[in-house]
Amino acid sequence: MEPLSVQEAVIVNQMLDVEESMLGPDVLDGLTRTQKELPPKYFYDARGAELFDQICDVPEYYPTRCERAILNQYAADIAERTGASELLELGSGTASKTRVLLTAMDDAGTLRRYLPVDVTDDMILRTAAELVQEYPGLQVHGTVGDFERHLGRFPAPEGPRLIVFLGGTIGNFAPASRRRFLKAVARMMCPEDTLLLGTDLVKAPAVIEAAYNDAQGVTAAFNRNVLHVINRELGADFDPGGFDHVAFFNREEEWIEMRLRAQRAHTVHIGALELDVEFAEGEDIRTEISAKFTRERLAADLASAGLELQTVYTDADERFAVSLSRVKRAT
Ligand code: AVJ
């Protein structure tokens, strides 16, 4: 990659070497539980990110297309309602959906600064370099960090800020940590700031389940990729092909659960942890939950974090929602 030589971009790395990865402790904690579990954030090495991009293109996986359609339709309205001069994006990735928002803010004449936050520094560097070209005068202040841990370390706002958390990734948090996360977001918001949140909606279970069981098997490969990551990073000897991909809609919890199911009884050795993990035949590792929301649930979760739902945009079929919230004013 070309070194970044633009004046307008500043990238601050919040990841200290010692805390660079929680993979080891997280795997140890997750795989020694009665119900084995792995955090979904470890899907996304280079291969996992590529597989997720492919998921977004399979016909069954509707969330990305719906969210993009909503943003295309309502970006101008969002820019107008928020009057935001800066956009802080949690988990910015390639910022492909962000451009429509930046353009709308640019058209409204308010755009001054873009603040991407992502765990991968080269993603932020590349995006920053592109965006300062595309939007002359735009300042980019990137933060390399984990938005679950570094929320308090972002630059102070210089004007009305739009905080953007897209993709439905909020659904990956368990309910308690979801509310904790929303509270932390609310705490860093000023009265003139707005939160733009993407959430998948509750709908016919068959539609949701198809999105996580695509016919081409891309989601299955994505699911198994976490075992490749653990093999490589922690010197483990998982046989990813020895696990079946399972995804179902948990109707009580209103979330999708992805699991990896051991085809036979066996033991896996994880070198870096000096750990042997025993699997019974048919035993599952839960690898992801992806919560689906009703408007009521969404409003309640936001309210319990001190946020007030202002506008809910949906696609024509009401499959996905993008919402605007502000901090509740003291009464
Ligand atoms: C990127 C977390 C929103 O939960 O739908 C896609 C990840 N997992 N297929 C989701 C995912 C399986 C996705 N998020």
# chains A, B, ... in the order shown; residues from 1 in each chain; ligands from 1
$ select_by_dssp --residues "segment 94-273 of chain A" --states "strand (DSSP E)" --output "VMD selection string"
chain A and resid 113 to 118 139 to 144 161 to 165 194 to 200 243 to 250 255 to 262 266 to 270
$ write_last_selection --atoms "C-alpha atoms" --output "PDB file, in the first residue's frame"
ATOM      1  CA  ARG A 113     -15.116  15.590   9.041  1.00  0.00           C
ATOM      2  CA  TYR A 114     -15.250  11.803   8.808  1.00  0.00           C
ATOM      3  CA  LEU A 115     -14.200   9.688  11.794  1.00  0.00           C
ATOM      4  CA  PRO A 116     -13.914   6.003  10.918  1.00  0.00           C
ATOM      5  CA  VAL A 117     -13.305   3.452  13.660  1.00  0.00           C
ATOM      6  CA  ASP A 118     -12.144  -0.033  12.748  1.00  0.00           C
ATOM      7  CA  GLN A 139     -10.895  16.003   7.257  1.00  0.00           C
ATOM      8  CA  VAL A 140     -10.500  12.365   8.204  1.00  0.00           C
ATOM      9  CA  HIS A 141      -9.684  11.373  11.754  1.00  0.00           C
ATOM     10  CA  GLY A 142      -9.484   7.611  11.928  1.00  0.00           C
ATOM     11  CA  THR A 143      -9.252   5.498  15.052  1.00  0.00           C
ATOM     12  CA  VAL A 144      -7.826   2.014  14.954  1.00  0.00           C
ATOM     13  CA  ARG A 161     -22.121  14.554  14.996  1.00  0.00           C
ATOM     14  CA  LEU A 162     -23.833  11.641  13.290  1.00  0.00           C
ATOM     15  CA  ILE A 163     -22.731   8.352  14.855  1.00  0.00           C
ATOM     16  CA  VAL A 164     -23.294   5.500  12.435  1.00  0.00           C
ATOM     17  CA  PHE A 165     -23.471   1.806  13.311  1.00  0.00           C
ATOM     18  CA  THR A 194     -27.608  11.655  16.421  1.00  0.00           C
ATOM     19  CA  LEU A 195     -27.218   7.887  16.315  1.00  0.00           C
ATOM     20  CA  LEU A 196     -27.953   6.145  13.007  1.00  0.00           C
ATOM     21  CA  LEU A 197     -28.453   2.460  13.714  1.00  0.00           C
ATOM     22  CA  GLY A 198     -29.049  -0.438  11.315  1.00  0.00           C
ATOM     23  CA  THR A 199     -31.148  -3.306  12.681  1.00  0.00           C
ATOM     24  CA  ASP A 200     -32.634  -6.365  11.050  1.00  0.00           C
ATOM     25  CA  PHE A 243     -18.345 -29.676  11.765  1.00  0.00           C
ATOM     26  CA  ASP A 244     -21.769 -29.054  10.230  1.00  0.00           C
ATOM     27  CA  HIS A 245     -23.084 -25.533   9.747  1.00  0.00           C
ATOM     28  CA  VAL A 246     -26.340 -25.006  11.650  1.00  0.00           C
ATOM     29  CA  ALA A 247     -28.408 -21.788  11.676  1.00  0.00           C
ATOM     30  CA  PHE A 248     -31.915 -21.401  13.067  1.00  0.00           C
ATOM     31  CA  PHE A 249     -34.233 -18.664  14.297  1.00  0.00           C
ATOM     32  CA  ASN A 250     -34.645 -18.863  18.070  1.00  0.00           C
ATOM     33  CA  TRP A 255     -32.381 -14.053  17.184  1.00  0.00           C
ATOM     34  CA  ILE A 256     -30.592 -16.198  14.643  1.00  0.00           C
ATOM     35  CA  GLU A 257     -28.185 -18.653  16.180  1.00  0.00           C
ATOM     36  CA  MET A 258     -25.298 -20.022  14.187  1.00  0.00           C
ATOM     37  CA  ARG A 259     -23.611 -23.131  15.434  1.00  0.00           C
ATOM     38  CA  LEU A 260     -20.909 -25.565  14.397  1.00  0.00           C
ATOM     39  CA  ARG A 261     -21.949 -29.142  15.175  1.00  0.00           C
ATOM     40  CA  ALA A 262     -19.320 -31.847  15.671  1.00  0.00           C
ATOM     41  CA  HIS A 266     -13.240 -36.217  19.153  1.00  0.00           C
ATOM     42  CA  THR A 267     -10.665 -34.098  20.978  1.00  0.00           C
ATOM     43  CA  VAL A 268      -9.160 -30.873  19.662  1.00  0.00           C
ATOM     44  CA  HIS A 269      -5.796 -29.620  20.906  1.00  0.00           C
ATOM     45  CA  ILE A 270      -5.180 -25.872  21.127  1.00  0.00           C
TER      46      ILE A 270
END
$ residues_near_ligand --ligand "ligand 1" --cutoff "6 Å" --atoms "only C-alpha atoms and all ligand atoms" --output "list in words"
Gly167, Gly168, Thr169, Asn172, Tyr212, Thr219 and Ser290 of chain A
$ write_last_selection --atoms "C-alpha atoms" --output "PDB file, in the first residue's frame"
ATOM      1  CA  GLY A 167     -25.155  -3.647   9.022  1.00  0.00           C
ATOM      2  CA  GLY A 168     -27.216  -4.927  11.919  1.00  0.00           C
ATOM      3  CA  THR A 169     -24.004  -5.687  13.813  1.00  0.00           C
ATOM      4  CA  ASN A 172     -24.398  -9.713  17.492  1.00  0.00           C
ATOM      5  CA  TYR A 212     -28.241 -17.798   7.078  1.00  0.00           C
ATOM      6  CA  THR A 219     -22.464 -18.814   5.110  1.00  0.00           C
ATOM      7  CA  SER A 290     -27.856 -12.105  15.296  1.00  0.00           C
TER       8      SER A 290
END
$ residues_around --residues "Arg81 of chain A" --least-positions-apart "6" --cutoff "12 Å" --atoms "only C-alpha atoms" --output "count of residues only"
19
$ residues_around --residues "Gln54 of chain A" --least-positions-apart "3" --cutoff "12 Å" --atoms "only C-alpha atoms" --output "PDB file with C-alpha atoms, in the first residue's frame"
ATOM      1  CA  ARG A  47     -10.675 -14.642   4.280  1.00  0.00           C
ATOM      2  CA  GLY A  48     -13.654 -14.103   6.599  1.00  0.00           C
ATOM      3  CA  ALA A  49     -14.127 -10.532   5.409  1.00  0.00           C
ATOM      4  CA  GLU A  50     -14.051 -11.810   1.838  1.00  0.00           C
ATOM      5  CA  LEU A  51     -16.625 -14.496   2.656  1.00  0.00           C
ATOM      6  CA  ASP A  57     -24.243 -11.007  -2.730  1.00  0.00           C
ATOM      7  CA  VAL A  58     -26.108 -14.309  -2.261  1.00  0.00           C
ATOM      8  CA  PRO A  59     -29.803 -13.988  -3.156  1.00  0.00           C
ATOM      9  CA  GLU A  60     -31.029 -15.175   0.266  1.00  0.00           C
ATOM     10  CA  TYR A  61     -29.092 -12.632   2.353  1.00  0.00           C
ATOM     11  CA  THR A  64     -27.208  -5.572   3.156  1.00  0.00           C
ATOM     12  CA  ASP A 214     -27.714 -19.944   1.591  1.00  0.00           C
ATOM     13  CA  GLN A 216     -24.248 -21.926  -2.246  1.00  0.00           C
ATOM     14  CA  GLY A 217     -22.897 -22.668   1.229  1.00  0.00           C
ATOM     15  CA  VAL A 218     -21.088 -19.345   1.595  1.00  0.00           C
ATOM     16  CA  THR A 219     -22.464 -18.814   5.110  1.00  0.00           C
ATOM     17  CA  ALA A 220     -21.369 -22.340   6.056  1.00  0.00           C
ATOM     18  CA  ALA A 221     -17.813 -21.558   4.865  1.00  0.00           C
ATOM     19  CA  PHE A 222     -17.922 -18.243   6.758  1.00  0.00           C
TER      20      PHE A 222
END
$ select_by_dssp --residues "segment 110-327 of chain A" --states "helix (DSSP H, G or I)" --output "JSON, numbers by chain"
{"A": [121, 122, 123, 124, 125, 126, 127, 128, 129, 130, 131, 132, 133, 134, 151, 152, 153, 169, 170, 171, 172, 175, 176, 177, 178, 179, 180, 181, 182, 183, 184, 185, 186, 187, 205, 206, 207, 208, 209, 210, 211, 218, 219, 220, 221, 222, 223, 224, 225, 226, 227, 228, 229, 230, 231, 232, 233, 234, 240, 241, 242, 271, 272, 273, 295, 296, 297, 298, 299, 300, 301, 302, 303, 304]}
$ residues_around --residues "Lys36 of chain A" --least-positions-apart "6" --cutoff "9 Å" --atoms "only C-alpha atoms" --output "count of residues only"
7
$ residues_around --residues "Pro175 of chain A" --least-positions-apart "3" --cutoff "9 Å" --atoms "only C-alpha atoms" --output "JSON, numbers by chain"
{"A": [171, 178, 179, 180, 291, 301]}
$ closest_residue --among "A:Leu138, A:Ile124, A:Ala156, A:Leu298" --to "Leu90 of chain A" --atoms "only C-alpha atoms"
A:Ile124
$ closest_residue --among "A:Ser177, A:Gly137, A:Asp107, A:Ser92" --to "Ile78 of chain A" --atoms "only C-alpha atoms"
A:Asp107
$ closest_residue --among "A:Phe154, A:Asn231, A:Ala129, A:Asp317" --to "Ala204 of chain A" --atoms "only C-alpha atoms"
A:Asp317
$ residues_around --residues "Thr103 of chain A" --least-positions-apart "5" --cutoff "10 Å" --atoms "only C-alpha atoms" --output "PyMOL selection string"
chain A and resi 75-76+79+98+108-109+111+134-135
$ write_last_selection --atoms "N, CA and C atoms" --output "JSON list (two decimals), in the first residue's frame"
[["chain", "number", "residue", "atom", "x", "y", "z"],
["A", 75, "ALA", "N", -30.88, 9.22, 2.52],
["A", 75, "ALA", "CA", -29.66, 9.91, 2.92],
["A", 75, "ALA", "C", -29.85, 11.43, 3.00],
["A", 76, "ALA", "N", -30.55, 11.99, 2.02],
["A", 76, "ALA", "CA", -30.76, 13.44, 2.02],
["A", 76, "ALA", "C", -31.59, 13.87, 3.23],
["A", 79, "ALA", "N", -29.38, 13.71, 6.32],
["A", 79, "ALA", "CA", -28.47, 14.86, 6.36],
["A", 79, "ALA", "C", -29.22, 16.11, 6.82],
["A", 98, "THR", "N", -21.21, 4.23, 3.49],
["A", 98, "THR", "CA", -21.03, 5.54, 4.10],
["A", 98, "THR", "C", -21.00, 6.65, 3.06],
["A", 108, "ALA", "N", -25.66, 18.92, 1.31],
["A", 108, "ALA", "CA", -26.34, 19.84, 2.23],
["A", 108, "ALA", "C", -25.41, 20.98, 2.67],
["A", 109, "GLY", "N", -24.13, 20.83, 2.34],
["A", 109, "GLY", "CA", -23.16, 21.88, 2.65],
["A", 109, "GLY", "C", -22.65, 21.85, 4.09],
["A", 111, "LEU", "N", -20.91, 19.00, 5.53],
["A", 111, "LEU", "CA", -19.84, 18.01, 5.77],
["A", 111, "LEU", "C", -18.48, 18.64, 6.03],
["A", 134, "GLU", "N", -11.99, 12.12, -2.83],
["A", 134, "GLU", "CA", -13.36, 12.22, -3.33],
["A", 134, "GLU", "C", -14.10, 13.44, -2.80],
["A", 135, "TYR", "N", -13.78, 13.85, -1.58],
["A", 135, "TYR", "CA", -14.47, 15.00, -0.97],
["A", 135, "TYR", "C", -13.42, 16.05, -0.60]]
$ closest_residue --among "A:Ser21, A:Ser96, A:Gln35, A:Asn223" --to "Leu166 of chain A" --atoms "only C-alpha atoms"
A:Ser96
$ closest_residue --among "A:Val322, A:Ala300, A:Val12, A:Val100" --to "Leu182 of chain A" --atoms "only C-alpha atoms"
A:Ala300
